[in-house]
Amino acid sequence: MPHIGNRQFFLQHLAQTSDAPLLLDIARAEGHYMFDSEGKRYFDLISGISVSSLGHRHPEILEAIQNQLQQYMHLMVYGEVVQSPQIHLAEALGKVLPSCLDNFYFVNSGSEAIEGAMKLAKRYTGRSVFVAQTNAYHGGTQGALSLMSNEYYSGPYRPLLPDIRFLEADDIVALNEMNEVPAAIVLELIQAERGSIPVSREYAMAVREFCNRTGALMIVDEIQTGMGRTGSMFAFEQYDIIPDILVLGKALGGGMPMGAFIANKHVMHCLSENPVLGHITTFGGHPVCCAAATAAVNITAENLSVYQVKEKEKLFRELLIHPKILRVEGNGLLLAAHLDSDLTCKNVIKNALKEGVFTDWFLYAPHALRIAPPLSISMEEIRHICKVLLNVLNY
Ligand code: PMP
């Protein structure tokens, strides 16, 4: 192949997911910043979509990875060999979860964790119907895609899973009028891709109550809300509910690919008989990823009060006042500035990038600006970033 520039090669030979990629050519990332091939610095205001919550290349995560590299990498498909990195991760998560969530299935991604959770709910309940919320996002694989109400994105892949019902989040009346019992209700407590819209406490509790009454399982997708992003280790703690199956991904791996679905041992046991091997994954629970994730869980838990997530949310809300900002939605550092149009948002993203601030929009809310920085962002950095955003809103 003749030598062409990186950007041109990327466009020519790497599969494209849109006709307008950002085309930033990043050479290095450290802490809160990414550096392009010309050395220009960008503040990472979205943490790789809520992944780098502890910043890029956190030294303790790097150390954990390096230590594990000295021991072993892949040994065997998931579930056969006792691997201490998986044990350490389960122990670390066990310390920050209620005791009933005591059984961990480690996988490769958020989508795979959702697939696993759905399979488990089918096996445990013997039912096939799933209830999802409109405007939820649970992943790109075909089971997860079946839970997506947005026809633009899911329609071209039909037929998807049958027996999926949709409820409008917060519609408690419709929830209680449901006359069939599903295997599970799948819920994001903050509908991230809708522009960080939290579901109400009453609704989450009504779903919990419906599941208690009917024997449906409550699956809570904390792939984006988990690991301290809303100020508590997991958002469900702020809702006074405990899910039957908790699904994690993104920040769990501290920058490495990692997902998990977590349930009670009694529920999870279904995947081990009739048929055995209820979920098979070669790389799930990869030892290097588990080592990174253990460090990420421990660092997050130890520093949660230091990060002052709620105070930082307050400062963002105080500063993000502008005629083109209609409202700021979200919880903690999973925020969305809802702007007056898609075009305004597109221009802000483009011009903020020129000013060294890297941000993005939301899948179902192209008018909303994504604000999901590393949890260790400083108050000074928040002031600077808001100044940049308000300035480019005036262009
Ligand atoms: N659920 C939620 C709430 C998500 O935000 C995402 C990813 N954006 C997923 C599931 C899917 O995760 P992954 O892309 O790792 O498969």
# chains A, B, ... in the order shown; residues from 1 in each chain; ligands from 1

$ select_by_dssp --residues "stretch 12-209 of chain A" --states "strand (DSSP E)" --output "PyMOL selection string"
chain A and resi 26-30+33-36+41-44+103-107+130-133+164-167+184-187+190-191+197-198

$ write_last_selection --atoms "C-alpha atoms" --output "PDB file, in the first residue's frame"
ATOM      1  CA  ILE A  26      -4.554  11.665  18.925  1.00  0.00           C
ATOM      2  CA  ALA A  27      -0.969  10.740  19.694  1.00  0.00           C
ATOM      3  CA  ARG A  28      -1.126  10.598  23.483  1.00  0.00           C
ATOM      4  CA  ALA A  29      -3.544  10.960  26.394  1.00  0.00           C
ATOM      5  CA  GLU A  30      -2.725  11.683  30.003  1.00  0.00           C
ATOM      6  CA  TYR A  33      -6.085  15.706  28.426  1.00  0.00           C
ATOM      7  CA  MET A  34      -5.566  14.246  24.964  1.00  0.00           C
ATOM      8  CA  PHE A  35      -2.760  15.492  22.678  1.00  0.00           C
ATOM      9  CA  ASP A  36      -2.933  15.400  18.904  1.00  0.00           C
ATOM     10  CA  ARG A  41      -3.932  19.716  23.935  1.00  0.00           C
ATOM     11  CA  TYR A  42      -7.648  18.951  24.361  1.00  0.00           C
ATOM     12  CA  PHE A  43      -9.524  18.715  27.642  1.00  0.00           C
ATOM     13  CA  ASP A  44     -11.538  15.483  27.544  1.00  0.00           C
ATOM     14  CA  ASN A 103     -22.369 -13.301  41.810  1.00  0.00           C
ATOM     15  CA  PHE A 104     -20.394 -11.802  38.941  1.00  0.00           C
ATOM     16  CA  TYR A 105     -20.227 -12.676  35.269  1.00  0.00           C
ATOM     17  CA  PHE A 106     -17.385 -10.695  33.648  1.00  0.00           C
ATOM     18  CA  VAL A 107     -17.625 -10.077  29.917  1.00  0.00           C
ATOM     19  CA  PHE A 130     -38.939  -7.909  27.909  1.00  0.00           C
ATOM     20  CA  VAL A 131     -40.061  -4.430  28.795  1.00  0.00           C
ATOM     21  CA  ALA A 132     -37.736  -1.571  27.929  1.00  0.00           C
ATOM     22  CA  GLN A 133     -38.155   2.182  28.151  1.00  0.00           C
ATOM     23  CA  ILE A 164     -40.360  -6.554  23.334  1.00  0.00           C
ATOM     24  CA  ARG A 165     -42.716  -3.980  24.865  1.00  0.00           C
ATOM     25  CA  PHE A 166     -41.900  -0.338  25.417  1.00  0.00           C
ATOM     26  CA  LEU A 167     -42.972   1.916  28.239  1.00  0.00           C
ATOM     27  CA  ALA A 184     -37.596  -8.546  33.024  1.00  0.00           C
ATOM     28  CA  ILE A 185     -37.962  -4.806  32.925  1.00  0.00           C
ATOM     29  CA  VAL A 186     -34.761  -3.198  31.687  1.00  0.00           C
ATOM     30  CA  LEU A 187     -34.087   0.299  32.916  1.00  0.00           C
ATOM     31  CA  ILE A 190     -30.613   8.184  33.810  1.00  0.00           C
ATOM     32  CA  GLN A 191     -31.500   7.901  30.164  1.00  0.00           C
ATOM     33  CA  ILE A 197     -32.700  12.540  31.581  1.00  0.00           C
ATOM     34  CA  PRO A 198     -33.128  10.933  35.018  1.00  0.00           C
TER      35      PRO A 198
END

$ residues_near_ligand --ligand "ligand 1" --cutoff "6 Å" --atoms "only C-alpha atoms and all ligand atoms" --output "number ranges by chain"
A: 109-111, 137-139, 221, 223-224, 249-250

$ atom_distance --atom1 "atom CA of A:Leu319" --atom2 "atom CA of A:Gly39"
29.3 Å

$ residues_around --residues "A:Ala293" --least-positions-apart "3" --cutoff "8 Å" --atoms "only C-alpha atoms" --output "list in words"
Ile61, Leu89, Leu252, Gly253, Gly254, Met256, Met258, Cys289, Cys290, Ala296 and Val297 of chain A

$ write_last_selection --atoms "all heavy atoms" --output "short mmCIF file (atom, residue, chain, number, x, y, z; two decimals), in the first residue's frame"
data_model
loop_
_atom_site.label_atom_id
_atom_site.label_comp_id
_atom_site.auth_asym_id
_atom_site.auth_seq_id
_atom_site.Cartn_x
_atom_site.Cartn_y
_atom_site.Cartn_z
N ILE A 61 -3.72 2.25 37.72
CA ILE A 61 -4.30 1.28 36.76
C ILE A 61 -3.18 0.73 35.88
O ILE A 61 -3.10 -0.49 35.63
CB ILE A 61 -5.43 1.93 35.93
CG1 ILE A 61 -6.59 2.32 36.86
CG2 ILE A 61 -5.92 0.98 34.83
CD1 ILE A 61 -7.72 3.05 36.21
N LEU A 89 -11.40 -8.85 41.51
CA LEU A 89 -12.41 -7.90 41.03
C LEU A 89 -13.76 -8.17 41.71
O LEU A 89 -14.45 -7.24 42.14
CB LEU A 89 -12.53 -7.97 39.50
CG LEU A 89 -13.60 -7.06 38.88
CD1 LEU A 89 -13.40 -5.60 39.30
CD2 LEU A 89 -13.58 -7.17 37.35
N LEU A 252 -15.98 0.75 34.31
CA LEU A 252 -15.60 -0.42 35.12
C LEU A 252 -14.17 -0.85 34.82
O LEU A 252 -13.41 -1.20 35.72
CB LEU A 252 -16.59 -1.57 34.86
CG LEU A 252 -16.24 -2.92 35.48
CD1 LEU A 252 -16.29 -2.85 37.01
CD2 LEU A 252 -17.19 -4.02 34.97
N GLY A 253 -13.79 -0.83 33.55
CA GLY A 253 -12.49 -1.35 33.16
C GLY A 253 -11.33 -0.37 33.30
O GLY A 253 -10.20 -0.72 32.96
N GLY A 254 -11.60 0.83 33.77
CA GLY A 254 -10.53 1.81 33.95
C GLY A 254 -9.79 2.13 32.65
O GLY A 254 -8.63 2.49 32.66
N MET A 256 -9.87 -0.21 30.06
CA MET A 256 -9.77 -1.49 29.35
C MET A 256 -11.19 -1.99 29.06
O MET A 256 -12.14 -1.64 29.76
CB MET A 256 -9.01 -2.51 30.21
CG MET A 256 -7.58 -2.12 30.49
SD MET A 256 -6.54 -2.14 29.00
CE MET A 256 -6.07 -3.87 28.98
N MET A 258 -14.34 -3.99 29.27
CA MET A 258 -14.83 -4.79 30.40
C MET A 258 -16.31 -4.54 30.61
O MET A 258 -16.75 -3.39 30.58
CB MET A 258 -14.05 -4.29 31.64
CG MET A 258 -14.32 -4.99 32.91
SD MET A 258 -13.25 -6.44 32.99
CE MET A 258 -14.35 -7.55 33.79
N CYS A 289 -7.71 -7.12 31.95
CA CYS A 289 -8.83 -6.18 32.10
C CYS A 289 -9.35 -6.23 33.54
O CYS A 289 -9.71 -5.19 34.11
CB CYS A 289 -9.97 -6.52 31.13
SG CYS A 289 -9.43 -6.45 29.42
N CYS A 290 -9.41 -7.43 34.11
CA CYS A 290 -9.88 -7.55 35.50
C CYS A 290 -8.92 -6.85 36.46
O CYS A 290 -9.36 -6.23 37.44
CB CYS A 290 -10.03 -9.02 35.91
SG CYS A 290 -11.51 -9.76 35.22
N ALA A 296 -9.57 0.21 39.21
CA ALA A 296 -10.55 1.28 38.96
C ALA A 296 -11.63 1.29 40.04
O ALA A 296 -12.00 2.37 40.54
CB ALA A 296 -11.18 1.11 37.58
N VAL A 297 -12.13 0.12 40.42
CA VAL A 297 -13.17 0.05 41.46
C VAL A 297 -12.61 0.59 42.77
O VAL A 297 -13.23 1.42 43.44
CB VAL A 297 -13.68 -1.41 41.65
CG1 VAL A 297 -14.59 -1.52 42.86
CG2 VAL A 297 -14.40 -1.89 40.39
#

$ residues_around --residues "A:Pro159" --least-positions-apart "5" --cutoff "12 Å" --atoms "only C-alpha atoms" --output "PyMOL selection string"
chain A and resi 142-143+145-146+154+164

$ write_last_selection --atoms "N, CA and C atoms" --output "mmCIF file, in the first residue's frame"
data_model
loop_
_atom_site.group_PDB
_atom_site.id
_atom_site.type_symbol
_atom_site.label_atom_id
_atom_site.label_comp_id
_atom_site.auth_asym_id
_atom_site.auth_seq_id
_atom_site.Cartn_x
_atom_site.Cartn_y
_atom_site.Cartn_z
ATOM 1 N N GLN A 142 -27.602 -7.505 18.662
ATOM 2 C CA GLN A 142 -28.995 -7.564 18.221
ATOM 3 C C GLN A 142 -30.022 -7.733 19.341
ATOM 4 N N GLY A 143 -29.626 -8.382 20.444
ATOM 5 C CA GLY A 143 -30.535 -8.456 21.591
ATOM 6 C C GLY A 143 -30.705 -7.076 22.201
ATOM 7 N N LEU A 145 -30.114 -4.249 20.795
ATOM 8 C CA LEU A 145 -30.760 -3.377 19.803
ATOM 9 C C LEU A 145 -32.284 -3.570 19.804
ATOM 10 N N SER A 146 -32.717 -4.780 20.152
ATOM 11 C CA SER A 146 -34.159 -5.051 20.228
ATOM 12 C C SER A 146 -34.825 -4.196 21.293
ATOM 13 N N SER A 154 -32.893 1.145 14.848
ATOM 14 C CA SER A 154 -33.116 -0.301 14.998
ATOM 15 C C SER A 154 -33.881 -0.915 13.820
ATOM 16 N N ILE A 164 -40.900 -7.701 22.594
ATOM 17 C CA ILE A 164 -40.360 -6.554 23.334
ATOM 18 C C ILE A 164 -41.469 -5.502 23.446
#

$ closest_residue --among "A:Phe236, A:Tyr157, A:Phe283, A:Phe261" --to "A:Gly116" --atoms "only C-alpha atoms"
A:Phe261

$ residues_around --residues "A:Arg383" --least-positions-apart "2" --cutoff "12 Å" --atoms "only C-alpha atoms" --output "mmCIF file with all heavy atoms, in the first residue's frame"
data_model
loop_
_atom_site.group_PDB
_atom_site.id
_atom_site.type_symbol
_atom_site.label_atom_id
_atom_site.label_comp_id
_atom_site.auth_asym_id
_atom_site.auth_seq_id
_atom_site.Cartn_x
_atom_site.Cartn_y
_atom_site.Cartn_z
ATOM 1 N N LYS A 312 -19.364 19.640 41.931
ATOM 2 C CA LYS A 312 -18.946 19.972 40.556
ATOM 3 C C LYS A 312 -20.167 20.124 39.646
ATOM 4 O O LYS A 312 -20.219 21.013 38.797
ATOM 5 C CB LYS A 312 -17.975 18.907 40.037
ATOM 6 C CG LYS A 312 -16.633 18.986 40.744
ATOM 7 C CD LYS A 312 -15.716 17.845 40.406
ATOM 8 C CE LYS A 312 -14.432 17.949 41.223
ATOM 9 N NZ LYS A 312 -13.550 16.781 41.060
ATOM 10 N N GLU A 313 -21.152 19.271 39.856
ATOM 11 C CA GLU A 313 -22.410 19.409 39.105
ATOM 12 C C GLU A 313 -23.004 20.796 39.359
ATOM 13 O O GLU A 313 -23.413 21.488 38.422
ATOM 14 C CB GLU A 313 -23.408 18.323 39.548
ATOM 15 C CG GLU A 313 -24.810 18.561 38.997
ATOM 16 C CD GLU A 313 -25.871 17.607 39.545
ATOM 17 O OE1 GLU A 313 -25.552 16.758 40.399
ATOM 18 O OE2 GLU A 313 -27.033 17.720 39.095
ATOM 19 N N LYS A 314 -23.004 21.182 40.639
ATOM 20 C CA LYS A 314 -23.590 22.481 41.028
ATOM 21 C C LYS A 314 -22.866 23.621 40.306
ATOM 22 O O LYS A 314 -23.504 24.528 39.760
ATOM 23 C CB LYS A 314 -23.470 22.622 42.551
ATOM 24 C CG LYS A 314 -24.324 23.678 43.132
ATOM 25 C CD LYS A 314 -24.529 23.433 44.635
ATOM 26 C CE LYS A 314 -24.893 24.721 45.322
ATOM 27 N NZ LYS A 314 -23.786 25.386 46.011
ATOM 28 N N LEU A 315 -21.536 23.536 40.271
ATOM 29 C CA LEU A 315 -20.774 24.603 39.629
ATOM 30 C C LEU A 315 -21.082 24.666 38.125
ATOM 31 O O LEU A 315 -21.299 25.748 37.570
ATOM 32 C CB LEU A 315 -19.266 24.402 39.871
ATOM 33 C CG LEU A 315 -18.357 25.514 39.356
ATOM 34 C CD1 LEU A 315 -18.719 26.870 39.976
ATOM 35 C CD2 LEU A 315 -16.888 25.197 39.646
ATOM 36 N N PHE A 316 -21.127 23.505 37.470
ATOM 37 C CA PHE A 316 -21.499 23.498 36.047
ATOM 38 C C PHE A 316 -22.862 24.171 35.861
ATOM 39 O O PHE A 316 -23.052 24.999 34.972
ATOM 40 C CB PHE A 316 -21.580 22.053 35.518
ATOM 41 C CG PHE A 316 -20.297 21.547 34.904
ATOM 42 C CD1 PHE A 316 -19.610 20.472 35.470
ATOM 43 C CD2 PHE A 316 -19.772 22.120 33.751
ATOM 44 C CE1 PHE A 316 -18.429 19.988 34.899
ATOM 45 C CE2 PHE A 316 -18.598 21.642 33.174
ATOM 46 C CZ PHE A 316 -17.929 20.578 33.750
ATOM 47 N N ARG A 317 -23.813 23.802 36.717
ATOM 48 C CA ARG A 317 -25.169 24.341 36.565
ATOM 49 C C ARG A 317 -25.191 25.864 36.798
ATOM 50 O O ARG A 317 -25.924 26.590 36.133
ATOM 51 C CB ARG A 317 -26.140 23.649 37.524
ATOM 52 C CG ARG A 317 -26.496 22.223 37.097
ATOM 53 C CD ARG A 317 -27.515 21.619 38.062
ATOM 54 N NE ARG A 317 -27.810 20.237 37.750
ATOM 55 C CZ ARG A 317 -28.736 19.837 36.882
ATOM 56 N NH1 ARG A 317 -29.454 20.727 36.214
ATOM 57 N NH2 ARG A 317 -28.945 18.553 36.665
ATOM 58 N N GLU A 318 -24.376 26.331 37.751
ATOM 59 C CA GLU A 318 -24.333 27.771 38.036
ATOM 60 C C GLU A 318 -23.738 28.546 36.868
ATOM 61 O O GLU A 318 -24.160 29.655 36.556
ATOM 62 C CB GLU A 318 -23.459 28.029 39.269
ATOM 63 C CG GLU A 318 -24.209 27.891 40.580
ATOM 64 C CD GLU A 318 -23.261 27.798 41.768
ATOM 65 O OE1 GLU A 318 -22.072 28.202 41.646
ATOM 66 O OE2 GLU A 318 -23.703 27.297 42.806
ATOM 67 N N LEU A 319 -22.725 27.933 36.225
ATOM 68 C CA LEU A 319 -21.990 28.668 35.191
ATOM 69 C C LEU A 319 -22.622 28.564 33.802
ATOM 70 O O LEU A 319 -22.462 29.466 32.988
ATOM 71 C CB LEU A 319 -20.540 28.169 35.127
ATOM 72 C CG LEU A 319 -19.705 28.416 36.393
ATOM 73 C CD1 LEU A 319 -18.333 27.774 36.262
ATOM 74 C CD2 LEU A 319 -19.545 29.920 36.651
ATOM 75 N N LEU A 320 -23.317 27.471 33.548
ATOM 76 C CA LEU A 320 -23.834 27.262 32.182
ATOM 77 C C LEU A 320 -25.169 27.987 31.982
ATOM 78 O O LEU A 320 -26.218 27.373 31.772
ATOM 79 C CB LEU A 320 -23.960 25.766 31.888
ATOM 80 C CG LEU A 320 -22.617 25.047 31.681
ATOM 81 C CD1 LEU A 320 -22.820 23.550 31.510
ATOM 82 C CD2 LEU A 320 -21.842 25.618 30.479
ATOM 83 N N ILE A 377 -11.862 16.157 37.617
ATOM 84 C CA ILE A 377 -11.807 17.520 37.057
ATOM 85 C C ILE A 377 -11.776 18.517 38.227
ATOM 86 O O ILE A 377 -12.444 18.310 39.242
ATOM 87 C CB ILE A 377 -13.041 17.772 36.123
ATOM 88 C CG1 ILE A 377 -12.915 19.123 35.410
ATOM 89 C CG2 ILE A 377 -14.363 17.679 36.881
ATOM 90 C CD1 ILE A 377 -14.021 19.366 34.371
ATOM 91 N N SER A 378 -10.983 19.589 38.085
ATOM 92 C CA SER A 378 -10.911 20.554 39.194
ATOM 93 C C SER A 378 -11.951 21.658 38.985
ATOM 94 O O SER A 378 -12.453 21.860 37.876
ATOM 95 C CB SER A 378 -9.514 21.163 39.259
ATOM 96 O OG SER A 378 -9.327 22.027 38.147
ATOM 97 N N MET A 379 -12.240 22.380 40.065
ATOM 98 C CA MET A 379 -13.187 23.495 39.976
ATOM 99 C C MET A 379 -12.647 24.536 38.983
ATOM 100 O O MET A 379 -13.399 25.132 38.218
ATOM 101 C CB MET A 379 -13.391 24.130 41.356
ATOM 102 C CG MET A 379 -14.025 23.191 42.372
ATOM 103 S SD MET A 379 -15.702 22.711 41.895
ATOM 104 C CE MET A 379 -16.202 21.790 43.337
ATOM 105 N N GLU A 380 -11.326 24.721 38.992
ATOM 106 C CA GLU A 380 -10.689 25.680 38.091
ATOM 107 C C GLU A 380 -10.907 25.253 36.634
ATOM 108 O O GLU A 380 -11.215 26.081 35.763
ATOM 109 C CB GLU A 380 -9.180 25.701 38.426
ATOM 110 C CG GLU A 380 -8.496 27.023 38.232
ATOM 111 C CD GLU A 380 -9.389 28.214 38.504
ATOM 112 O OE1 GLU A 380 -9.867 28.345 39.647
ATOM 113 O OE2 GLU A 380 -9.616 29.019 37.569
ATOM 114 N N GLU A 381 -10.739 23.956 36.383
ATOM 115 C CA GLU A 381 -10.951 23.454 35.018
ATOM 116 C C GLU A 381 -12.412 23.639 34.609
ATOM 117 O O GLU A 381 -12.706 23.982 33.455
ATOM 118 C CB GLU A 381 -10.541 21.974 34.930
ATOM 119 C CG GLU A 381 -9.024 21.784 34.919
ATOM 120 C CD GLU A 381 -8.591 20.339 35.095
ATOM 121 O OE1 GLU A 381 -9.261 19.570 35.818
ATOM 122 O OE2 GLU A 381 -7.543 19.974 34.545
ATOM 123 N N ILE A 385 -13.558 25.660 31.339
ATOM 124 C CA ILE A 385 -14.339 25.005 30.280
ATOM 125 C C ILE A 385 -15.658 25.738 30.034
ATOM 126 O O ILE A 385 -16.066 25.951 28.889
ATOM 127 C CB ILE A 385 -14.570 23.532 30.646
ATOM 128 C CG1 ILE A 385 -13.293 22.759 30.348
ATOM 129 C CG2 ILE A 385 -15.735 22.907 29.890
ATOM 130 C CD1 ILE A 385 -13.139 21.528 31.133
ATOM 131 N N CYS A 386 -16.317 26.130 31.119
ATOM 132 C CA CYS A 386 -17.593 26.829 30.944
ATOM 133 C C CYS A 386 -17.373 28.161 30.224
ATOM 134 O O CYS A 386 -18.190 28.567 29.389
ATOM 135 C CB CYS A 386 -18.283 27.028 32.287
ATOM 136 S SG CYS A 386 -18.906 25.463 32.931
ATOM 137 N N LYS A 387 -16.253 28.813 30.523
ATOM 138 C CA LYS A 387 -15.917 30.078 29.840
ATOM 139 C C LYS A 387 -15.773 29.817 28.330
ATOM 140 O O LYS A 387 -16.312 30.560 27.506
ATOM 141 C CB LYS A 387 -14.601 30.618 30.414
ATOM 142 C CG LYS A 387 -14.480 32.109 30.365
ATOM 143 C CD LYS A 387 -13.439 32.568 31.357
ATOM 144 C CE LYS A 387 -12.472 33.526 30.694
ATOM 145 N NZ LYS A 387 -11.328 33.827 31.533
ATOM 146 N N VAL A 388 -15.067 28.745 27.994
ATOM 147 C CA VAL A 388 -14.891 28.399 26.577
ATOM 148 C C VAL A 388 -16.250 28.119 25.936
ATOM 149 O O VAL A 388 -16.568 28.629 24.858
ATOM 150 C CB VAL A 388 -13.961 27.155 26.426
ATOM 151 C CG1 VAL A 388 -13.987 26.622 24.998
ATOM 152 C CG2 VAL A 388 -12.540 27.501 26.856
ATOM 153 N N LEU A 389 -17.082 27.328 26.611
ATOM 154 C CA LEU A 389 -18.375 26.958 26.019
ATOM 155 C C LEU A 389 -19.269 28.181 25.836
ATOM 156 O O LEU A 389 -19.892 28.359 24.782
ATOM 157 C CB LEU A 389 -19.084 25.903 26.888
ATOM 158 C CG LEU A 389 -18.391 24.537 27.003
ATOM 159 C CD1 LEU A 389 -19.172 23.595 27.910
ATOM 160 C CD2 LEU A 389 -18.193 23.893 25.622
ATOM 161 N N LEU A 390 -19.303 29.052 26.841
ATOM 162 C CA LEU A 390 -20.143 30.256 26.728
ATOM 163 C C LEU A 390 -19.616 31.161 25.619
ATOM 164 O O LEU A 390 -20.398 31.742 24.859
ATOM 165 C CB LEU A 390 -20.182 31.020 28.063
ATOM 166 C CG LEU A 390 -20.845 30.278 29.228
ATOM 167 C CD1 LEU A 390 -20.807 31.118 30.491
ATOM 168 C CD2 LEU A 390 -22.273 29.876 28.894
#

$ closest_residue --among "A:Val288, A:Val82, A:Leu343, A:Met178" --to "A:Trp361" --atoms "only C-alpha atoms"
A:Leu343

$ closest_residue --among "A:Ser200, A:Ala121, A:Ala20, A:Tyr364" --to "A:Ser149" --atoms "only C-alpha atoms"
A:Tyr364

$ residues_around --residues "stretch 264-272 of chain A" --least-positions-apart "4" --cutoff "9 Å" --atoms "only C-alpha atoms" --output "JSON, numbers by chain"
{"A": [99, 100, 101, 102, 103, 104, 105, 119, 120, 121, 123, 124, 244, 245, 276, 277, 278, 279]}

$ closest_residue --among "A:Thr141, A:Asn274, A:Asn176, A:Thr281" --to "A:Glu209" --atoms "only C-alpha atoms"
A:Asn176

$ residues_around --residues "A:Tyr239" --least-positions-apart "6" --cutoff "8 Å" --atoms "only C-alpha atoms" --output "MDAnalysis selection string"
chainID A and resid 201 204:205

$ atom_distance --atom1 "atom CA of A:Ser50" --atom2 "atom CA of A:Pro374"
8.0 Å

$ select_by_dssp --residues "stretch 198-342 of chain A" --states "alpha helix (DSSP H)" --output "count of residues only"
51
